[in-house]
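Engineer: protein.cif is reproduced below (mmCIF, C-alpha atoms).
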data_run
#
loop_
_atom_site.label_atom_id
_atom_site.label_comp_id
_atom_site.auth_asym_id
_atom_site.auth_seq_id
_atom_site.Cartn_x
_atom_site.Cartn_y
_atom_site.Cartn_z
CA GLN A 8 63.12 131.62 -61.39
CA VAL A 9 60.66 129.49 -63.32
CA SER A 10 62.07 128.02 -66.52
CA LEU A 11 59.75 126.51 -69.09
CA VAL A 12 60.94 125.17 -72.44
CA GLU A 13 58.53 123.79 -75.01
CA SER A 14 59.41 121.29 -77.70
CA GLY A 15 57.70 118.89 -80.05
CA GLY A 16 56.02 121.28 -82.44
CA GLY A 17 56.09 120.72 -86.18
CA LEU A 18 54.07 119.88 -89.25
CA VAL A 19 51.32 117.28 -89.04
CA GLN A 20 48.60 116.22 -91.43
CA PRO A 21 44.94 116.82 -90.64
CA GLY A 22 43.68 114.03 -88.44
CA GLY A 23 47.16 113.30 -87.19
CA SER A 24 48.62 113.45 -83.72
CA LEU A 25 51.42 115.37 -82.08
CA THR A 26 52.80 115.45 -78.57
CA LEU A 27 54.26 118.63 -77.12
CA SER A 28 56.55 118.71 -74.13
CA CYS A 29 57.24 121.40 -71.55
CA ALA A 30 60.51 120.93 -69.69
CA THR A 31 60.90 122.52 -66.30
CA SER A 32 62.30 121.77 -62.86
CA ARG A 33 61.10 119.42 -60.16
CA PHE A 34 60.49 122.40 -57.89
CA VAL A 35 58.11 123.91 -60.43
CA LEU A 36 56.28 120.61 -60.90
CA ASP A 37 55.87 120.29 -57.14
CA HIS A 38 54.60 123.83 -56.51
CA TYR A 39 53.08 125.19 -59.71
CA ALA A 40 50.19 124.34 -61.93
CA ILE A 41 51.23 124.02 -65.56
CA GLY A 42 48.93 125.03 -68.36
CA TRP A 43 48.99 124.85 -72.13
CA PHE A 44 47.82 127.73 -74.27
CA ARG A 45 47.97 128.64 -77.92
CA GLN A 46 47.80 131.72 -80.08
CA ALA A 47 47.13 131.82 -83.78
CA PRO A 48 47.96 134.87 -85.90
CA GLY A 49 45.38 137.56 -85.47
CA LYS A 50 43.59 135.74 -82.68
CA GLU A 51 43.54 136.03 -78.93
CA ARG A 52 45.46 133.60 -76.81
CA GLU A 53 43.38 130.53 -76.01
CA SER A 54 43.51 128.35 -72.92
CA LEU A 55 43.71 124.63 -73.62
CA SER A 56 44.51 122.49 -70.62
CA CYS A 57 46.06 122.53 -67.18
CA ILE A 58 47.45 120.13 -64.60
CA THR A 59 47.92 120.79 -60.91
CA SER A 60 51.00 120.03 -58.85
CA GLY A 61 50.86 117.23 -56.32
CA ASP A 62 47.66 115.39 -57.20
CA SER A 63 47.91 116.02 -60.96
CA ARG A 64 44.29 116.97 -61.46
CA THR A 65 43.63 117.76 -65.09
CA TYR A 66 41.47 120.46 -66.60
CA TYR A 67 40.38 121.02 -70.17
CA THR A 68 38.49 123.67 -72.03
CA GLU A 69 35.56 122.65 -74.21
CA SER A 70 37.62 122.99 -77.37
CA THR A 71 40.12 120.35 -76.25
CA LYS A 72 38.04 117.79 -74.37
CA GLY A 73 38.38 114.40 -75.97
CA ARG A 74 41.19 115.42 -78.31
CA PHE A 75 43.98 116.67 -76.06
CA THR A 76 45.52 114.94 -73.06
CA ILE A 77 47.78 116.61 -70.53
CA SER A 78 50.13 114.67 -68.29
CA ARG A 79 53.15 115.04 -66.03
CA ASP A 80 56.35 113.03 -65.95
CA THR A 81 58.15 113.61 -62.68
CA ASP A 82 61.12 111.49 -63.77
CA LYS A 83 61.78 113.77 -66.73
CA ASN A 84 60.34 116.93 -65.14
CA THR A 85 58.08 117.55 -68.09
CA VAL A 86 54.44 118.24 -68.80
CA GLY A 87 53.18 116.83 -72.04
CA LEU A 88 50.21 117.70 -74.23
CA LYS A 89 49.16 114.92 -76.55
CA MET A 90 47.02 116.25 -79.37
CA SER A 91 44.94 113.94 -81.54
CA SER A 92 42.62 114.41 -84.49
CA LEU A 93 44.30 117.67 -85.37
CA ARG A 94 42.21 120.03 -87.45
CA PRO A 95 42.97 122.87 -89.85
CA GLU A 96 41.96 125.32 -87.09
CA ASP A 97 44.58 123.99 -84.64
CA PRO A 98 47.73 125.63 -86.08
CA ALA A 99 49.20 128.13 -83.67
CA VAL A 100 52.13 128.80 -81.43
CA TYR A 101 51.64 126.62 -78.39
CA TYR A 102 52.89 127.79 -75.02
CA CYS A 103 53.21 126.24 -71.62
CA ALA A 104 52.92 128.45 -68.60
CA ALA A 105 53.07 128.13 -64.83
CA GLY A 106 51.21 129.60 -61.91
CA PRO A 107 51.66 129.00 -58.18
CA GLY A 108 49.23 126.61 -56.52
CA PRO A 109 46.12 125.39 -58.33
CA ARG A 110 44.72 128.80 -59.25
CA LEU A 111 45.76 128.61 -62.90
CA CYS A 112 43.82 125.39 -63.36
CA PHE A 113 40.78 126.41 -61.34
CA PHE A 114 40.37 129.52 -63.48
CA LEU A 115 41.71 128.14 -66.76
CA GLU A 116 39.01 129.82 -68.83
CA ARG A 117 39.93 133.17 -67.24
CA ALA A 118 43.69 132.88 -67.68
CA SER A 119 43.76 136.01 -69.81
CA GLU A 120 42.74 138.05 -66.77
CA LYS A 121 45.55 139.45 -64.68
CA ASP A 122 44.37 137.92 -61.41
CA TYR A 123 44.04 134.42 -62.83
CA GLY A 124 46.76 134.13 -65.43
CA PRO A 125 50.12 132.40 -65.17
CA ASP A 126 53.24 134.01 -63.78
CA SER A 127 55.73 132.53 -66.23
CA TRP A 128 55.67 131.55 -69.89
CA GLY A 129 57.78 129.44 -72.18
CA GLN A 130 58.96 130.68 -75.55
CA GLY A 131 56.42 128.67 -77.53
CA THR A 132 56.54 126.00 -80.20
CA GLN A 133 54.89 126.20 -83.62
CA VAL A 134 52.31 123.64 -84.68
CA THR A 135 51.25 123.50 -88.32
CA VAL A 136 48.45 121.32 -89.66
CA SER A 137 48.54 120.82 -93.39
CA SER A 138 48.31 118.11 -95.99
#
As C-alpha coordinates, how would this structure be written, given the file I've shared?
Structural biologist:
Amino acid sequence: QVSLVESGGGLVQPGGSLTLSCATSRFVLDHYAIGWFRQAPGKERESLSCITSGDSRTYYTESTKGRFTISRDTDKNTVGLKMSSLRPEDPAVYYCAAGPGPRLCFFLERASEKDYGPDSWGQGTQVTVSS
(Lines of atoms letter the chains of each structure in order from A and count residues from 1; the text may use other names and numbers.)
(Lines give C-alpha, C1' and ligand atoms only; values in the text may rest on other atoms or scores of the structure.)
Protein backbone atom coordinates (compact mmCIF):
# COMPACT_ATOMS: atom_id res chain seq x y z
CA GLN A 1 0.00 0.00 0.00
CA VAL A 2 1.33 3.39 -1.01
CA SER A 3 0.93 6.05 1.66
CA LEU A 4 1.40 9.70 0.77
CA VAL A 5 0.85 12.54 3.24
CA GLU A 6 1.22 16.16 2.23
CA SER A 7 2.03 19.00 4.58
CA GLY A 8 3.30 22.56 4.46
CA GLY A 9 0.35 24.33 2.91
CA GLY A 10 -0.90 27.64 4.24
CA LEU A 11 -1.29 31.32 3.57
CA VAL A 12 1.48 33.22 1.80
CA GLN A 13 1.70 36.70 0.37
CA PRO A 14 2.08 37.27 -3.36
CA GLY A 15 5.73 36.98 -4.29
CA GLY A 16 6.43 34.82 -1.28
CA SER A 17 7.69 31.28 -1.02
CA LEU A 18 6.35 28.07 0.45
CA THR A 19 7.71 24.55 0.64
CA LEU A 20 5.38 21.57 0.57
CA SER A 21 6.37 18.12 1.74
CA CYS A 22 5.10 14.68 0.78
CA ALA A 23 5.89 12.00 3.35
CA THR A 24 6.01 8.41 2.22
CA SER A 25 8.05 5.25 2.71
CA ARG A 26 11.53 4.35 1.56
CA PHE A 27 10.06 1.58 -0.58
CA VAL A 28 7.92 4.08 -2.45
CA LEU A 29 10.85 6.44 -2.96
CA ASP A 30 12.94 3.58 -4.33
CA HIS A 31 10.32 2.22 -6.75
CA TYR A 32 7.87 5.00 -7.61
CA ALA A 33 8.02 8.33 -9.32
CA ILE A 34 6.46 11.07 -7.22
CA GLY A 35 4.62 13.95 -8.79
CA TRP A 36 3.02 17.15 -7.58
CA PHE A 37 -0.31 18.33 -8.90
CA ARG A 38 -2.82 20.98 -7.97
CA GLN A 39 -6.48 21.69 -8.44
CA ALA A 40 -8.18 25.02 -7.98
CA PRO A 41 -11.95 25.32 -7.55
CA GLY A 42 -13.73 24.98 -10.84
CA LYS A 43 -10.58 24.03 -12.72
CA GLU A 44 -9.09 20.81 -13.95
CA ARG A 45 -6.27 19.18 -12.09
CA GLU A 46 -2.91 20.50 -13.26
CA SER A 47 0.40 18.67 -13.38
CA LEU A 48 3.31 20.58 -11.85
CA SER A 49 6.45 18.55 -11.35
CA CYS A 50 7.78 15.04 -10.97
CA ILE A 51 10.86 13.23 -9.72
CA THR A 52 11.92 9.71 -10.58
CA SER A 53 13.09 7.04 -8.16
CA GLY A 54 16.73 6.03 -8.17
CA ASP A 55 18.40 8.74 -10.25
CA SER A 56 16.07 11.55 -9.11
CA ARG A 57 15.54 13.05 -12.53
CA THR A 58 13.27 16.05 -12.31
CA TYR A 59 10.53 17.16 -14.66
CA TYR A 60 8.54 20.38 -14.77
CA THR A 61 5.65 21.69 -16.75
CA GLU A 62 5.96 25.06 -18.45
CA SER A 63 3.89 26.76 -15.76
CA THR A 64 6.36 25.82 -13.02
CA LYS A 65 9.77 26.03 -14.67
CA GLY A 66 11.95 28.51 -12.85
CA ARG A 67 9.56 28.97 -9.93
CA PHE A 68 9.09 25.51 -8.45
CA THR A 69 11.77 23.04 -7.40
CA ILE A 70 11.15 19.38 -6.61
CA SER A 71 13.54 17.31 -4.54
CA ARG A 72 13.82 14.07 -2.58
CA ASP A 73 15.14 13.49 0.91
CA THR A 74 15.88 9.82 1.40
CA ASP A 75 16.79 10.35 5.06
CA LYS A 76 13.34 11.70 5.83
CA ASN A 77 11.52 9.76 3.09
CA THR A 78 9.94 12.89 1.71
CA VAL A 79 9.54 14.68 -1.59
CA GLY A 80 9.47 18.42 -1.35
CA LEU A 81 8.13 21.10 -3.66
CA LYS A 82 9.64 24.52 -3.08
CA MET A 83 7.49 27.23 -4.60
CA SER A 84 8.81 30.73 -5.14
CA SER A 85 7.38 33.95 -6.52
CA LEU A 86 3.87 32.80 -5.74
CA ARG A 87 1.15 34.47 -7.75
CA PRO A 88 -2.55 35.12 -7.23
CA GLU A 89 -3.28 32.29 -9.70
CA ASP A 90 -1.36 29.70 -7.64
CA PRO A 91 -3.92 29.03 -4.87
CA ALA A 92 -5.21 25.49 -5.01
CA VAL A 93 -5.19 22.20 -3.22
CA TYR A 94 -1.80 20.67 -3.89
CA TYR A 95 -1.45 16.91 -4.10
CA CYS A 96 1.43 14.52 -4.33
CA ALA A 97 0.93 11.27 -6.16
CA ALA A 98 2.94 8.19 -7.02
CA GLY A 99 3.27 5.93 -10.02
CA PRO A 100 5.46 2.86 -10.52
CA GLY A 101 8.67 3.32 -12.47
CA PRO A 102 9.36 6.54 -14.38
CA ARG A 103 6.15 6.59 -16.43
CA LEU A 104 4.48 9.29 -14.36
CA CYS A 105 7.37 11.67 -14.99
CA PHE A 106 7.85 10.80 -18.65
CA PHE A 107 4.21 11.58 -19.35
CA LEU A 108 3.70 14.31 -16.75
CA GLU A 109 1.68 16.49 -19.10
CA ARG A 110 -0.66 13.54 -19.76
CA ALA A 111 -1.16 12.52 -16.14
CA SER A 112 -4.89 13.09 -16.41
CA GLU A 113 -5.12 10.19 -18.86
CA LYS A 114 -5.79 6.79 -17.35
CA ASP A 115 -2.77 5.11 -18.91
CA TYR A 116 -0.31 7.74 -17.71
CA GLY A 117 -1.66 8.94 -14.40
CA PRO A 118 -0.52 8.04 -10.90
CA ASP A 119 -1.75 5.03 -8.98
CA SER A 120 -1.95 6.64 -5.56
CA TRP A 121 -2.78 10.10 -4.23
CA GLY A 122 -2.30 11.97 -1.01
CA GLN A 123 -5.12 13.85 0.67
CA GLY A 124 -3.90 17.28 -0.44
CA THR A 125 -2.82 20.47 1.27
CA GLN A 126 -4.33 23.91 0.72
CA VAL A 127 -2.21 26.79 -0.52
CA THR A 128 -3.61 30.31 -0.37
CA VAL A 129 -1.91 33.36 -1.85
CA SER A 130 -3.21 36.63 -0.52
CA SER A 131 -2.01 39.92 0.86
Engineer: I'd like the contact shell of Thr59 in chain A - 6 Å cut-off, only C-alpha atoms, skipping same-chain residues fewer than 5 positions apart - returned as a list in words.
Structural biologist: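 My list of contacting residues is Ala40, Arg64 and Pro109 of chain A.
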Engineer: Care to translate the PyMOL selection byres ((chain A and resi 100) around 7) into actual residues of this file, as a list of chain:residue names?
Structural biologist: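 Applying the expression gives A:Arg45, A:Gln46, A:Ala47, A:Ala99, A:Tyr101, A:Tyr102, A:Gly131, A:Thr132, A:Gln133, A:Val134.
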Engineer: Would you translate the PyMOL selection byres ((chain A and resi 17) around 7) into the concrete set of residues it matches in this file, as a PyMOL selection string?
Structural biologist: chain A and resi 15-16+18-19+133-135
Engineer: Please save C-alpha atoms of the selected residues as a PDB file, in the frame of the given file.
Structural biologist:
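Result went into result-v3.pdb, see below:
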ATOM      1  CA  GLY A  15      57.700 118.890 -80.050  1.00  0.00           C
ATOM      2  CA  GLY A  16      56.020 121.280 -82.440  1.00  0.00           C
ATOM      3  CA  LEU A  18      54.070 119.880 -89.250  1.00  0.00           C
ATOM      4  CA  VAL A  19      51.320 117.280 -89.040  1.00  0.00           C
ATOM      5  CA  GLN A 133      54.890 126.200 -83.620  1.00  0.00           C
ATOM      6  CA  VAL A 134      52.310 123.640 -84.680  1.00  0.00           C
ATOM      7  CA  THR A 135      51.250 123.500 -88.320  1.00  0.00           C
TER       8      THR A 135
END
Engineer: Fewer than 4 positions away in the same chain doesn't count, so skip those; otherwise give me all residues within 10 Å of Thr71 in chain A, counting all atoms listed in the file, as a ChimeraX atom specification.
Structural biologist: /A:54-56,66-67,75-76,90-91
Engineer: Within 9 Å of Thr81 in chain A, counting all atoms listed in the file, which residues qualify if same-chain residues fewer than 2 places away don't, as a JSON list (two decimals) with C-alpha atoms, keeping the file's coordinate frame?
Structural biologist:
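And here's out.json as it stands now:
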[["chain", "number", "residue", "atom", "x", "y", "z"],
["A", 33, "ARG", "CA", 61.10, 119.42, -60.16],
["A", 36, "LEU", "CA", 56.28, 120.61, -60.90],
["A", 37, "ASP", "CA", 55.87, 120.29, -57.14],
["A", 79, "ARG", "CA", 53.15, 115.04, -66.03],
["A", 83, "LYS", "CA", 61.78, 113.77, -66.73],
["A", 84, "ASN", "CA", 60.34, 116.93, -65.14],
["A", 85, "THR", "CA", 58.08, 117.55, -68.09],
["A", 86, "VAL", "CA", 54.44, 118.24, -68.80]]
Engineer: Hey, what's within 7 Å of Ser14 in chain A if we count all atoms listed in the file and toss same-chain stuff fewer than 3 positions away? As a PDB file with C-alpha atoms, keeping the file's coordinate frame, please?
Structural biologist:
ATOM      1  CA  LEU A  27      54.260 118.630 -77.120  1.00  0.00           C
ATOM      2  CA  SER A  28      56.550 118.710 -74.130  1.00  0.00           C
ATOM      3  CA  CYS A  29      57.240 121.400 -71.550  1.00  0.00           C
ATOM      4  CA  THR A 132      56.540 126.000 -80.200  1.00  0.00           C
TER       5      THR A 132
END
Engineer: Translate the PyMOL selection byres ((chain A and resi 103) around 8), as applied to the file shown, into an explicit residue set as a list in words.
Structural biologist: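 Listing what the PyMOL selection byres ((chain A and resi 103) around 8) selects in the shown file: Leu11, Val12, Glu13, Cys29, Ile41, Gly42, Trp43, Phe44, Tyr101, Tyr102, Ala104, Ala105, Trp128, Gly129 and Gly131 of chain A.
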Engineer: Take the residues from that selection and put them in a file with C-alpha atoms, as a PDB file, in the frame of the given file.
Structural biologist:
ATOM      1  CA  LEU A  11      59.750 126.510 -69.090  1.00  0.00           C
ATOM      2  CA  VAL A  12      60.940 125.170 -72.440  1.00  0.00           C
ATOM      3  CA  GLU A  13      58.530 123.790 -75.010  1.00  0.00           C
ATOM      4  CA  CYS A  29      57.240 121.400 -71.550  1.00  0.00           C
ATOM      5  CA  ILE A  41      51.230 124.020 -65.560  1.00  0.00           C
ATOM      6  CA  GLY A  42      48.930 125.030 -68.360  1.00  0.00           C
ATOM      7  CA  TRP A  43      48.990 124.850 -72.130  1.00  0.00           C
ATOM      8  CA  PHE A  44      47.820 127.730 -74.270  1.00  0.00           C
ATOM      9  CA  TYR A 101      51.640 126.620 -78.390  1.00  0.00           C
ATOM     10  CA  TYR A 102      52.890 127.790 -75.020  1.00  0.00           C
ATOM     11  CA  ALA A 104      52.920 128.450 -68.600  1.00  0.00           C
ATOM     12  CA  ALA A 105      53.070 128.130 -64.830  1.00  0.00           C
ATOM     13  CA  TRP A 128      55.670 131.550 -69.890  1.00  0.00           C
ATOM     14  CA  GLY A 129      57.780 129.440 -72.180  1.00  0.00           C
ATOM     15  CA  GLY A 131      56.420 128.670 -77.530  1.00  0.00           C
TER      16      GLY A 131
END
Engineer: Just how far from CA of Ile77 in chain A is CA of Ser63 in chain A, in Å to one decimal?
Structural biologist: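 Result for CA of Ser63 in chain A versus CA of Ile77 in chain A: 9.6 Å, one decimal.
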Engineer: Quick one, how far is CA of Ser92 in chain A from CA of Ser24 in chain A?
Structural biologist: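 Interatomic distance, CA of Ser92 in chain A to CA of Ser24 in chain A: 6.1 Å.
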Engineer: Could you pull range 28-42 of chain A out of the block above and give me all heavy atoms, as a PDB file, in the first residue's frame?
Structural biologist:
ATOM      1  N   SER A  28       5.682  19.385   1.514  1.00  0.00           N
ATOM      2  CA  SER A  28       6.366  18.121   1.740  1.00  0.00           C
ATOM      3  C   SER A  28       5.397  16.974   1.562  1.00  0.00           C
ATOM      4  O   SER A  28       4.231  17.066   1.949  1.00  0.00           O
ATOM      5  CB  SER A  28       6.954  18.080   3.153  1.00  0.00           C
ATOM      6  OG  SER A  28       7.655  16.882   3.370  1.00  0.00           O
ATOM      7  N   CYS A  29       5.882  15.901   0.972  1.00  0.00           N
ATOM      8  CA  CYS A  29       5.101  14.681   0.783  1.00  0.00           C
ATOM      9  C   CYS A  29       5.831  13.551   1.489  1.00  0.00           C
ATOM     10  O   CYS A  29       6.914  13.142   1.054  1.00  0.00           O
ATOM     11  CB  CYS A  29       4.961  14.396  -0.703  1.00  0.00           C
ATOM     12  SG  CYS A  29       4.122  12.855  -1.096  1.00  0.00           S
ATOM     13  N   ALA A  30       5.262  13.068   2.577  1.00  0.00           N
ATOM     14  CA  ALA A  30       5.889  11.999   3.349  1.00  0.00           C
ATOM     15  C   ALA A  30       5.411  10.647   2.853  1.00  0.00           C
ATOM     16  O   ALA A  30       4.216  10.434   2.640  1.00  0.00           O
ATOM     17  CB  ALA A  30       5.567  12.169   4.826  1.00  0.00           C
ATOM     18  N   THR A  31       6.355   9.740   2.676  1.00  0.00           N
ATOM     19  CA  THR A  31       6.011   8.407   2.219  1.00  0.00           C
ATOM     20  C   THR A  31       7.002   7.407   2.814  1.00  0.00           C
ATOM     21  O   THR A  31       7.628   7.705   3.840  1.00  0.00           O
ATOM     22  CB  THR A  31       5.998   8.375   0.678  1.00  0.00           C
ATOM     23  OG1 THR A  31       5.548   7.095   0.229  1.00  0.00           O
ATOM     24  CG2 THR A  31       7.379   8.670   0.086  1.00  0.00           C
ATOM     25  N   SER A  32       7.136   6.261   2.203  1.00  0.00           N
ATOM     26  CA  SER A  32       8.050   5.254   2.715  1.00  0.00           C
ATOM     27  C   SER A  32       9.289   5.154   1.826  1.00  0.00           C
ATOM     28  O   SER A  32       9.292   5.607   0.677  1.00  0.00           O
ATOM     29  CB  SER A  32       7.356   3.885   2.765  1.00  0.00           C
ATOM     30  OG  SER A  32       7.103   3.433   1.450  1.00  0.00           O
ATOM     31  N   ARG A  33      10.316   4.545   2.342  1.00  0.00           N
ATOM     32  CA  ARG A  33      11.533   4.350   1.557  1.00  0.00           C
ATOM     33  C   ARG A  33      11.262   3.449   0.362  1.00  0.00           C
ATOM     34  O   ARG A  33      11.809   3.659  -0.736  1.00  0.00           O
ATOM     35  CB  ARG A  33      12.648   3.756   2.423  1.00  0.00           C
ATOM     36  CG  ARG A  33      13.973   3.604   1.660  1.00  0.00           C
ATOM     37  CD  ARG A  33      14.442   4.944   1.107  1.00  0.00           C
ATOM     38  NE  ARG A  33      15.600   4.812   0.260  1.00  0.00           N
ATOM     39  CZ  ARG A  33      16.840   4.996   0.681  1.00  0.00           C
ATOM     40  NH1 ARG A  33      17.075   5.304   1.953  1.00  0.00           N
ATOM     41  NH2 ARG A  33      17.851   4.866  -0.161  1.00  0.00           N
ATOM     42  N   PHE A  34      10.400   2.463   0.538  1.00  0.00           N
ATOM     43  CA  PHE A  34      10.064   1.577  -0.580  1.00  0.00           C
ATOM     44  C   PHE A  34       9.457   2.369  -1.731  1.00  0.00           C
ATOM     45  O   PHE A  34       9.806   2.155  -2.900  1.00  0.00           O
ATOM     46  CB  PHE A  34       9.080   0.494  -0.123  1.00  0.00           C
ATOM     47  CG  PHE A  34       8.653  -0.413  -1.242  1.00  0.00           C
ATOM     48  CD1 PHE A  34       9.436  -1.496  -1.613  1.00  0.00           C
ATOM     49  CD2 PHE A  34       7.471  -0.183  -1.947  1.00  0.00           C
ATOM     50  CE1 PHE A  34       9.060  -2.325  -2.660  1.00  0.00           C
ATOM     51  CE2 PHE A  34       7.077  -1.007  -2.985  1.00  0.00           C
ATOM     52  CZ  PHE A  34       7.875  -2.080  -3.340  1.00  0.00           C
ATOM     53  N   VAL A  35       8.557   3.286  -1.398  1.00  0.00           N
ATOM     54  CA  VAL A  35       7.919   4.080  -2.453  1.00  0.00           C
ATOM     55  C   VAL A  35       8.963   4.957  -3.138  1.00  0.00           C
ATOM     56  O   VAL A  35       8.989   5.064  -4.365  1.00  0.00           O
ATOM     57  CB  VAL A  35       6.784   4.928  -1.863  1.00  0.00           C
ATOM     58  CG1 VAL A  35       6.283   5.941  -2.880  1.00  0.00           C
ATOM     59  CG2 VAL A  35       5.642   4.031  -1.403  1.00  0.00           C
ATOM     60  N   LEU A  36       9.822   5.588  -2.350  1.00  0.00           N
ATOM     61  CA  LEU A  36      10.854   6.438  -2.960  1.00  0.00           C
ATOM     62  C   LEU A  36      11.773   5.644  -3.874  1.00  0.00           C
ATOM     63  O   LEU A  36      12.250   6.175  -4.880  1.00  0.00           O
ATOM     64  CB  LEU A  36      11.691   7.119  -1.873  1.00  0.00           C
ATOM     65  CG  LEU A  36      11.061   8.275  -1.113  1.00  0.00           C
ATOM     66  CD1 LEU A  36      12.067   8.882  -0.163  1.00  0.00           C
ATOM     67  CD2 LEU A  36      10.518   9.325  -2.060  1.00  0.00           C
ATOM     68  N   ASP A  37      12.020   4.404  -3.547  1.00  0.00           N
ATOM     69  CA  ASP A  37      12.938   3.583  -4.334  1.00  0.00           C
ATOM     70  C   ASP A  37      12.302   2.987  -5.584  1.00  0.00           C
ATOM     71  O   ASP A  37      13.016   2.551  -6.493  1.00  0.00           O
ATOM     72  CB  ASP A  37      13.497   2.443  -3.477  1.00  0.00           C
ATOM     73  CG  ASP A  37      14.516   2.922  -2.462  1.00  0.00           C
ATOM     74  OD1 ASP A  37      15.001   4.067  -2.607  1.00  0.00           O
ATOM     75  OD2 ASP A  37      14.830   2.150  -1.531  1.00  0.00           O
ATOM     76  N   HIS A  38      10.968   2.936  -5.653  1.00  0.00           N
ATOM     77  CA  HIS A  38      10.321   2.225  -6.753  1.00  0.00           C
ATOM     78  C   HIS A  38       9.273   3.034  -7.502  1.00  0.00           C
ATOM     79  O   HIS A  38       8.773   2.576  -8.529  1.00  0.00           O
ATOM     80  CB  HIS A  38       9.664   0.946  -6.226  1.00  0.00           C
ATOM     81  CG  HIS A  38      10.640  -0.042  -5.679  1.00  0.00           C
ATOM     82  ND1 HIS A  38      11.036  -0.058  -4.369  1.00  0.00           N
ATOM     83  CD2 HIS A  38      11.330  -1.041  -6.277  1.00  0.00           C
ATOM     84  CE1 HIS A  38      11.911  -1.023  -4.167  1.00  0.00           C
ATOM     85  NE2 HIS A  38      12.105  -1.639  -5.312  1.00  0.00           N
ATOM     86  N   TYR A  39       8.938   4.216  -6.999  1.00  0.00           N
ATOM     87  CA  TYR A  39       7.871   4.998  -7.613  1.00  0.00           C
ATOM     88  C   TYR A  39       8.364   6.397  -7.964  1.00  0.00           C
ATOM     89  O   TYR A  39       9.154   6.997  -7.230  1.00  0.00           O
ATOM     90  CB  TYR A  39       6.688   5.145  -6.656  1.00  0.00           C
ATOM     91  CG  TYR A  39       5.857   3.903  -6.469  1.00  0.00           C
ATOM     92  CD1 TYR A  39       6.330   2.833  -5.723  1.00  0.00           C
ATOM     93  CD2 TYR A  39       4.594   3.810  -7.033  1.00  0.00           C
ATOM     94  CE1 TYR A  39       5.567   1.698  -5.550  1.00  0.00           C
ATOM     95  CE2 TYR A  39       3.817   2.678  -6.865  1.00  0.00           C
ATOM     96  CZ  TYR A  39       4.315   1.632  -6.112  1.00  0.00           C
ATOM     97  OH  TYR A  39       3.551   0.508  -5.945  1.00  0.00           O
ATOM     98  N   ALA A  40       7.862   6.901  -9.050  1.00  0.00           N
ATOM     99  CA  ALA A  40       8.017   8.326  -9.322  1.00  0.00           C
ATOM    100  C   ALA A  40       6.983   9.079  -8.487  1.00  0.00           C
ATOM    101  O   ALA A  40       5.857   8.598  -8.293  1.00  0.00           O
ATOM    102  CB  ALA A  40       7.793   8.613 -10.804  1.00  0.00           C
ATOM    103  N   ILE A  41       7.369  10.240  -8.010  1.00  0.00           N
ATOM    104  CA  ILE A  41       6.463  11.072  -7.218  1.00  0.00           C
ATOM    105  C   ILE A  41       6.218  12.378  -7.960  1.00  0.00           C
ATOM    106  O   ILE A  41       7.170  13.063  -8.369  1.00  0.00           O
ATOM    107  CB  ILE A  41       7.051  11.386  -5.831  1.00  0.00           C
ATOM    108  CG1 ILE A  41       7.403  10.100  -5.077  1.00  0.00           C
ATOM    109  CG2 ILE A  41       6.077  12.236  -5.023  1.00  0.00           C
ATOM    110  CD1 ILE A  41       6.213   9.252  -4.691  1.00  0.00           C
ATOM    111  N   GLY A  42       4.971  12.716  -8.110  1.00  0.00           N
ATOM    112  CA  GLY A  42       4.621  13.946  -8.792  1.00  0.00           C
ATOM    113  C   GLY A  42       3.818  14.872  -7.903  1.00  0.00           C
ATOM    114  O   GLY A  42       3.191  14.437  -6.933  1.00  0.00           O
TER     115      GLY A  42
END
